[in-house]
Structures are given as structure tokens and as C-alpha cells.
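S.K.: Dropping the structure in here first, questions after.
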Amino acid sequence: MWKSSIITASDRIFPGLARHDTKKEFYDIGNQIKSNLPLQIALYFNVRYYPVWVLFLIYYLDAKYYDLSQVYKFVSVAAFLAVTVLEGTRLYLGYLGNLSEKIPELASFWLMSLLLQLPLEMFLVFDRNSIYYPNERIFNVVAFTFLAIEIVTGTFVLKKSADHHAKRFYMAQMYGIEDTIK
């Protein structure tokens with residue numbers, strides 16, 4: 001009894017000089033949440049904005065469809081279908097990867113954002129040869145802004161999450177702790 005009170009008092013007076021409990025350190029590191037609030041805020045608002053954006057894309061595509069050339073009819077419909085399917089999948093993977101701290105889902109979200117969704121969004125925002133209504137461009141710029149924020153924050157989240165999982169793995173290996181994933 002008196003020995004534990006002396007150790008507790010010395011821990012408070014001289015922090016860092018106390019005995020080092022390796023299992024406690026591992027579980028403290030392992031139980032930290034590494035999801036990212038700015039990414040989650042961007043995903044939250046993007047999920048709320050997504051149905052409205054799709055409805056306006058359908059409305060404006062229908063309004064301008066017959067005024068487009070044959071090539072732009074095909075390209076516009078293909079871009080619309082690709083953007084809507086990819087956006088829903090991408091947002092789902094972003095939510096799952098960020099909140100569950102799952103690296104494969106987070107990496108898939110980031111890669112889909114950067115390699116697939118970004119070029120399609122840039123086509124919807126910056127193409128000058130198609131017919132655009134002012135409100136359509138505004139809706140696409142808002143979606144593009146969400147995408148840019150998610151790509152930038154996703155880069156940092158992916159690195160931070162990978163570093164956290166690597167640290168957990170190495171500590172489990174170093175201290176011989178078997179139960180590393182819950």
C-alpha cells in the first residue's frame with residue numbers, strides 16, 4: 001500500500017522518471033482516435049449537398065441536351081453518369097475510412113477523388129465548348145470546392161493514419177503484444 005502511494009507521488013513530482021508500463025503505453029496509443037475533423041466536416045456537407053447537386057445536374061442536362069452537338073450529348077451523359085456513381089461511392093468510402101480508421105477504404109477514397117473525380121469535375125467546371133447556365137456552373141464549382149478540400153485533407157489523414165497504424169504494429173512487435181487489432 002505505502003509502496004504504491006510513494007510511486008504515485010513520485011510520478012506526480014517527477015513525471016517521466018517513473019517505471020515504464022509498456023502494455024499501458026501500447027493500449028494508450030492503440031486507443032487514440034486518428035480520424036480527421038476537417039475531412040469529416042467536408043464529407044458531411046458534401047453528403048448533404050450531393051442529392052441537390054445531382055438533381056440540378058439532371059435538370060440542366062435536360063435543359064441543354066437538344067442544343068448540344070452529338071459528341072457533347074454523349075460526353076455530357078457519360079460524364080453525368082460517371083460523376084454521380086463515383087461521387088456516391090467515393091463519399092461512402094471517405095466516411096468509412098475516416099471514421100473507422102481503415103486505411104484501404106481511405107486510400108480508395110483518396111485515389112478515386114484524385115484520379116477519377118477530379119478530372120470529371122474539372123470537365124464540368126472548366127469546359128468552354130459546352131453550353132452552361134450560370135447556376136449550373138455555380139453548383140459545379142461548389143462540388144469542385146468540396147472535392148479539393150477533401151483531396152487536401154485526405155492526403156494528411158491518410159499519412160497520419162498510416163503512421164499511427166505502423167506505430168501500433170511496431171510497438172506490438174517490440175513488446176510482444178498479440179492482441180493488436182480490436
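We label chains A, B, ... in the order they appear in the C-alpha cells, count residues from 1 in each chain, and number ligands from 1 in the order shown.
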Restrict the calculation to only C-alpha atoms, then for each residue of segment 34-65 of chain A with any atom at most 10 Å from an atom of segment 128-138 of chain A give the closest atom pair and their distance in Å to one decimal, rows by chain and rising residue number, as JSON lines.
M.R.:
```
{"residue": "A:Trp53", "atom": "CA", "partner": "A:Glu136", "partner_atom": "CA", "distance": 9.1}
{"residue": "A:Phe56", "atom": "CA", "partner": "A:Glu136", "partner_atom": "CA", "distance": 7.2}
{"residue": "A:Leu57", "atom": "CA", "partner": "A:Glu136", "partner_atom": "CA", "distance": 7.2}
{"residue": "A:Tyr59", "atom": "CA", "partner": "A:Glu136", "partner_atom": "CA", "distance": 9.3}
{"residue": "A:Tyr60", "atom": "CA", "partner": "A:Glu136", "partner_atom": "CA", "distance": 6.7}
{"residue": "A:Leu61", "atom": "CA", "partner": "A:Glu136", "partner_atom": "CA", "distance": 9.3}
{"residue": "A:Ala63", "atom": "CA", "partner": "A:Tyr133", "partner_atom": "CA", "distance": 9.4}
{"residue": "A:Lys64", "atom": "CA", "partner": "A:Ile131", "partner_atom": "CA", "distance": 6.9}
{"residue": "A:Tyr65", "atom": "CA", "partner": "A:Ile131", "partner_atom": "CA", "distance": 9.2}
```
S.K.: Take the residues from that selection and put them in a file with C-alpha atoms, as a PDB file, in the first residue's frame.
M.R.:
```pdb
ATOM      1  CA  TRP A  53     -26.312  18.727 -56.885  1.00  0.00           C
ATOM      2  CA  PHE A  56     -29.640  20.224 -60.605  1.00  0.00           C
ATOM      3  CA  LEU A  57     -27.274  18.317 -62.920  1.00  0.00           C
ATOM      4  CA  TYR A  59     -32.306  19.494 -64.694  1.00  0.00           C
ATOM      5  CA  TYR A  60     -29.585  21.384 -66.568  1.00  0.00           C
ATOM      6  CA  LEU A  61     -28.587  18.371 -68.651  1.00  0.00           C
ATOM      7  CA  ALA A  63     -32.470  21.751 -70.479  1.00  0.00           C
ATOM      8  CA  LYS A  64     -29.417  21.872 -72.728  1.00  0.00           C
ATOM      9  CA  TYR A  65     -29.425  18.343 -74.191  1.00  0.00           C
TER      10      TYR A  65
END
```
S.K.: From the options A:His165, A:Met122, A:Gln117, A:Lys159, which residue's atoms come nearest to Leu81 of chain A, counting only C-alpha atoms?
M.R.: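 Once distances to Leu81 of chain A are computed over only C-alpha atoms, the minimum belongs to A:Gln117.
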S.K.: What's the 12 Å shell around Lys102 of chain A, counting only C-alpha atoms, without same-chain residues fewer than 5 positions away, as a PyMOL selection string?
M.R.: chain A and resi 33-35+93-97+107-109+157-158+160-162+164-165+181
S.K.: Return the single residue from A:Ala79, A:Met112, A:Ile41, A:Met171 that is closest to Ile58 of chain A, with distances computed using only C-alpha atoms.
M.R.: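 The answer is A:Ala79, which sits nearest to Ile58 of chain A.
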S.K.: Hey, can you check how far atom CA of Thr84 of chain A sits from atom CA of Leu99 of chain A?
M.R.: 22.8 Å
S.K.: Give me the residues near segment 46-50 of chain A as a list in words, where near means some atom within 9 Å (using only C-alpha atoms) and where sequence neighbours in that chain fewer than 5 positions away do not count.
M.R.: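 Everything that qualifies: Ile41, Leu55, Thr84, Glu87, Gly88, Leu91, Tyr92, Ala143, Phe146 and Leu147 of chain A.
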S.K.: Record the distance separating atom CA of Asp67 of chain A and atom CA of Leu86 of chain A, expressed in Å with one decimal.
M.R.: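 Result for atom CA of Asp67 of chain A versus atom CA of Leu86 of chain A: 26.6 Å, one decimal.
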